[in-house]
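Structure first, then comments.
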Amino acid sequence: MDPGIWIIVAFILGLAARQVGLPPLVGFLVTGFVLNAMGVREGAVVAEISDMGVTLLLFSIGLKLRLGSLIRPEVWAGALIHMFITVIVFGLGIFALAKAGLFLFSGLDFKLSLMLAFALSFSSTVFAVKVLEEKAEMSSLHGRVAIGILIIQDILAVIFLTASADKLPSIWALLVPVVLLAIRPLLMKIMDRCGHGELLVLFGLCVALGIGAAGFEFVGLKPHLGALILGVLIANHPKASELAQSLLSFKEIFLIGFFLKIGLSGTPSSEAFGIAALFVLVAPFKVALFFLLLTRFKLRARSSLLASFSLANYSEFGLIVGAIGEANGWISSEWLVIIAIALSATFVLASPLNAAAHNIYNRLADRLSPYETKTRHPDDQPIDPGNAEIAVFGMGRVGTGAYDFMRTKFGDVVIGVDYDPLTIKKHQEAGRNVIYGDPTDLDFWARMRRDKSKIRMLLLAMSKNAANLAAAKQFVKKKSPGIIAATAQFDDEIAALREAGVHAAYKFDAGAGSGLAENAVEMMETQKTEQFEEKKK
């Protein structure tokens with residue numbers, strides 16, 4: 001089939017999914033199944049695009065990864081304990097069905113049962129990153145924990161794939177750490193000279209697909225692991241975030257091929273649908289186990305629940321593990337189709353679950369809070385805003401401009417709030433009063449209840465409109481007095497902000513920070529005048 005046809009089908013079904021509140025990736029998955037039903041089979045083009053999409057995804061994760069986040073107990077221990085328990089529980093269940101001689105389970109021994117359980121123990125990196133990016137929660141505590149757990153899982157998958165390969169890595173693979181340390185300064189200098197345009201994008205593609213993927217494959221290591229490690233290698237460069245943003249469009253387009261590939265993996269039978277449905281029914285066990293483990297590691301119930309929802313699915317790596325088993329003759333190809341159906345179904349179910357995650361927590365907060373430990377995680381401590389009267393949420397370029405304008409005009413009653421620890425540290429070193437906090441958190445204002453009456457102006461300068469909208473709704477819901485001003489990128493976003501109770505919303509521009517602050521001050525002064533005139537009457 002002409003690639004133009006499946007691109008059209010993917011667009012139509014992706015748009016349809018978006019209209020019913022699902023992420024477009026669900027439409028792309030359905031596209032694969034539709035094309036498969038039409039007799040279309042996976043070709044070299046789709047396979048190549050899919051592989052490039054996953055490679056760029058892992059490279060982008062590496063660019064944003066702080067290695068220190070992986071050594072935290074809730075990440076490495078949480079991932080390992082969760083995988084161990086899941087493999088044992090699921091493995092015993094599959095083996096019991098095999099002993100009973102049911103369907104395709106018959107013929108599976110205990111080792112193969114554990115292998116299938118291992119494939120089902122992973123959560124999808126592709127899905128979680130997409131969901132967290134769309135909700136602007138990649139840098140939040142629950143986002144960092146979820147991504148950290150996924151990276152630990154990815155590393156375990158790579159170890160399995162390497163151990164299952166017919167050939168061992170080349171002897172030259174031993175030199176990889178030395179070579180990486182040697183070329184890192186050179187890569188940093190080249191990155192300095194690339195500027196901010198197309199050369200920077202091309203540099204990223206060369207590093208991810210050339211040095212990372214192709215280089216690792218040359219010495220017998222997994223290409224995706226190479227892309228991830230190369231991203232980590234240059235993650236400390238000042239342009240790392242800019243590079244990740246520049247590669248976003250390429251990554252998005254190529255990942256369409258990945259989701260099409262899943263749908264094109266085979267034609268499901270009624271028996272396959274039944275087994276896949278069984279796997280979907282037991283998927284909530286993974287979510288509940290993540291929640292229990294994360295609360296044991298001193299995260300609040302909210303952070304634990306949101307992180308668990310991000311991991312509430314099966315993974316593309318499960319398909320890869322299954323493909324290894326099928327290639328080695330351990331399992332039949334029908335198991336690949338079963339895993340693909342279960343994976344797709346959990347994507348569909350997890351999408352609205354994550355979209356409504358904050359509302360779900362709001363309703364269940366009283367029931368979930370008893371699971372919290374008496375002591376809190378260092379990043380989940382109560383917030384103390386001091387005597388702040390003006391709060392700026394989102395301390396990026398726009399937020400920094402707004403903060404500096406307000407600080408000059410009103411002095412030390414201004415406070416900045418962000419949930420990226422590195423951003424906070426940078427501003428604190430520059431002398432700004434910036435604290436850690438997630439304004440979309442239901443508990444955010446409750447944890448500031450002693451001081452909420454002092455906040456008389458809220459400036460929402462976060463990069464994602466969803467985050468600004470959520471913060472505005474929380475502020476209005478708590479009936480907190482004061483002016484709310486926000487920035488947005490598009491006219492429909494401005495309309496949504498004003499409908500949520502924002503007094504003034506403005507589009508991004510070169511002087512958006514100071515412009516936002518200045519307009520908010522004018523509005524506050526107008527409000528004071530109106531209140532004074534009302535009192536005179």
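Letters A, B, ... mark the chains of the structure tokens in the order given; residue numbers begin at 1 per chain; ligand numbers begin at 1, in order shown.
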
So that I can check the surroundings of A:Leu97, please list as a PyMOL selection string every protein, DNA and RNA residue that reaches within 10 Å of it, counting only C-alpha atoms and ignoring chain neighbours fewer than 5 positions away. chain A and resi 91-92+102-106+108+113

Keeping only N, CA, C and O atoms, write the selected residues to a file as a PDB file, in the first residue's frame.
```pdb
ATOM      1  N   GLY A  91       3.613 -15.251  36.768  1.00  0.00           N
ATOM      2  CA  GLY A  91       4.194 -16.508  36.315  1.00  0.00           C
ATOM      3  C   GLY A  91       3.475 -17.720  36.898  1.00  0.00           C
ATOM      4  O   GLY A  91       3.196 -18.694  36.194  1.00  0.00           O
ATOM      5  N   LEU A  92       3.170 -17.658  38.194  1.00  0.00           N
ATOM      6  CA  LEU A  92       2.446 -18.755  38.835  1.00  0.00           C
ATOM      7  C   LEU A  92       1.043 -18.898  38.247  1.00  0.00           C
ATOM      8  O   LEU A  92       0.553 -20.019  38.044  1.00  0.00           O
ATOM      9  N   LEU A 102      -5.407 -25.186  29.413  1.00  0.00           N
ATOM     10  CA  LEU A 102      -6.338 -24.245  28.794  1.00  0.00           C
ATOM     11  C   LEU A 102      -5.711 -23.529  27.607  1.00  0.00           C
ATOM     12  O   LEU A 102      -4.613 -22.978  27.694  1.00  0.00           O
ATOM     13  N   PHE A 103      -6.387 -23.563  26.477  1.00  0.00           N
ATOM     14  CA  PHE A 103      -6.052 -22.781  25.286  1.00  0.00           C
ATOM     15  C   PHE A 103      -4.566 -22.869  24.938  1.00  0.00           C
ATOM     16  O   PHE A 103      -3.969 -23.936  24.977  1.00  0.00           O
ATOM     17  N   LEU A 104      -3.999 -21.702  24.611  1.00  0.00           N
ATOM     18  CA  LEU A 104      -2.592 -21.650  24.209  1.00  0.00           C
ATOM     19  C   LEU A 104      -1.635 -21.835  25.376  1.00  0.00           C
ATOM     20  O   LEU A 104      -0.426 -21.972  25.169  1.00  0.00           O
ATOM     21  N   PHE A 105      -2.173 -21.827  26.596  1.00  0.00           N
ATOM     22  CA  PHE A 105      -1.298 -21.989  27.761  1.00  0.00           C
ATOM     23  C   PHE A 105      -0.718 -23.406  27.834  1.00  0.00           C
ATOM     24  O   PHE A 105       0.365 -23.614  28.381  1.00  0.00           O
ATOM     25  N   SER A 106      -1.448 -24.382  27.278  1.00  0.00           N
ATOM     26  CA  SER A 106      -0.981 -25.771  27.342  1.00  0.00           C
ATOM     27  C   SER A 106       0.359 -25.892  26.622  1.00  0.00           C
ATOM     28  O   SER A 106       0.566 -25.342  25.545  1.00  0.00           O
ATOM     29  N   LEU A 108       3.177 -24.800  27.965  1.00  0.00           N
ATOM     30  CA  LEU A 108       4.130 -23.880  28.593  1.00  0.00           C
ATOM     31  C   LEU A 108       4.675 -24.509  29.870  1.00  0.00           C
ATOM     32  O   LEU A 108       3.916 -24.956  30.725  1.00  0.00           O
ATOM     33  N   SER A 113       6.522 -19.741  31.365  1.00  0.00           N
ATOM     34  CA  SER A 113       5.503 -18.966  32.085  1.00  0.00           C
ATOM     35  C   SER A 113       6.130 -17.730  32.711  1.00  0.00           C
ATOM     36  O   SER A 113       5.572 -16.629  32.659  1.00  0.00           O
TER      37      SER A 113
END
```

Spatial neighbours of A:Lys374, max dist 12 Å, only C-alpha atoms, sep filter under 4 positions, as a list in words: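 So, after excluding close chain neighbours, the residues are Thr295, Arg296, Phe297, Lys298, Leu299, Arg300, Ala301, Ser369, Pro370 and Gln381 of chain A.
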
Please return, as a ChimeraX atom specification, all residues of stretch 6-248 of chain A that DSSP assigns to alpha helix (DSSP H) on the basis of the backbone. /A:6-19,24-37,44-64,73-100,110-120,125-134,141-164,176-193,198-205,215-218,223-233,240-246,248

Nearest to A:Ser270 by atom-to-atom distance, counting only C-alpha atoms, from A:Asp109, A:Asp492, A:Glu48, A:Glu334: A:Glu334

Can you pull out the residues contacting A:Ala355? Cut-off 9 Å, using only C-alpha atoms, and skip same-chain residues under 2 positions away; I want them as a list in words.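 With the cut-off at 9 Å, the set is Gly21, Leu22, Val131, Lys135, Ala350, Ser351, Pro352, Leu353, Ala357, His358 and Asn359 of chain A.
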
I'd like the interatomic distance between atom CA of A:Met115 and atom CA of A:Val321, to a tenth of an Å.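 Atom CA of A:Met115 sits 8.1 Å away from atom CA of A:Val321.
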
Residues within 12 Å of A:Phe59, please, as a VMD selection string. Count only C-alpha atoms; anything in the same chain fewer than 2 positions from it doesn't count. chain A and resid 52 to 57 61 to 65 151 204 to 213 223 to 235 240 to 241 243 to 245 247 to 248 251

Give the answer as one residue: which of A:Leu458, A:Leu349, A:Ser344, A:Val434 has the shortest atom-to-atom distance to A:Leu260, using only C-alpha atoms? A:Ser344

Residue nearest A:Leu306 among A:Val348, A:Leu13, A:Leu141, A:Leu293 (counting only C-alpha atoms):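 Among A:Val348, A:Leu13, A:Leu141, A:Leu293, it is A:Leu141 that comes nearest to A:Leu306.
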
To one decimal place, how far is atom CA of A:Asp418 from atom CA of A:Pro24 in Å?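 Atom CA of A:Pro24 lies 28.7 Å from atom CA of A:Asp418.
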
Tell me, in Å to one decimal, how far atom CA of A:Ala356 is from atom CA of A:Ala17. 16.0 Å

Find, counting only C-alpha atoms, the residue in A:Asn433, A:Thr31, A:Ser310, A:Ser60 that gets nearest to A:Phe11.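 Answer, going by the shortest atom-to-atom distance: A:Thr31.
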
Go through A:Ala146, A:Leu289, A:Ile5, A:Leu70 one by one, measure the shortest atom-to-atom distance of each to A:Phe84 using only C-alpha atoms, and give the residue with the smallest value. A:Leu289
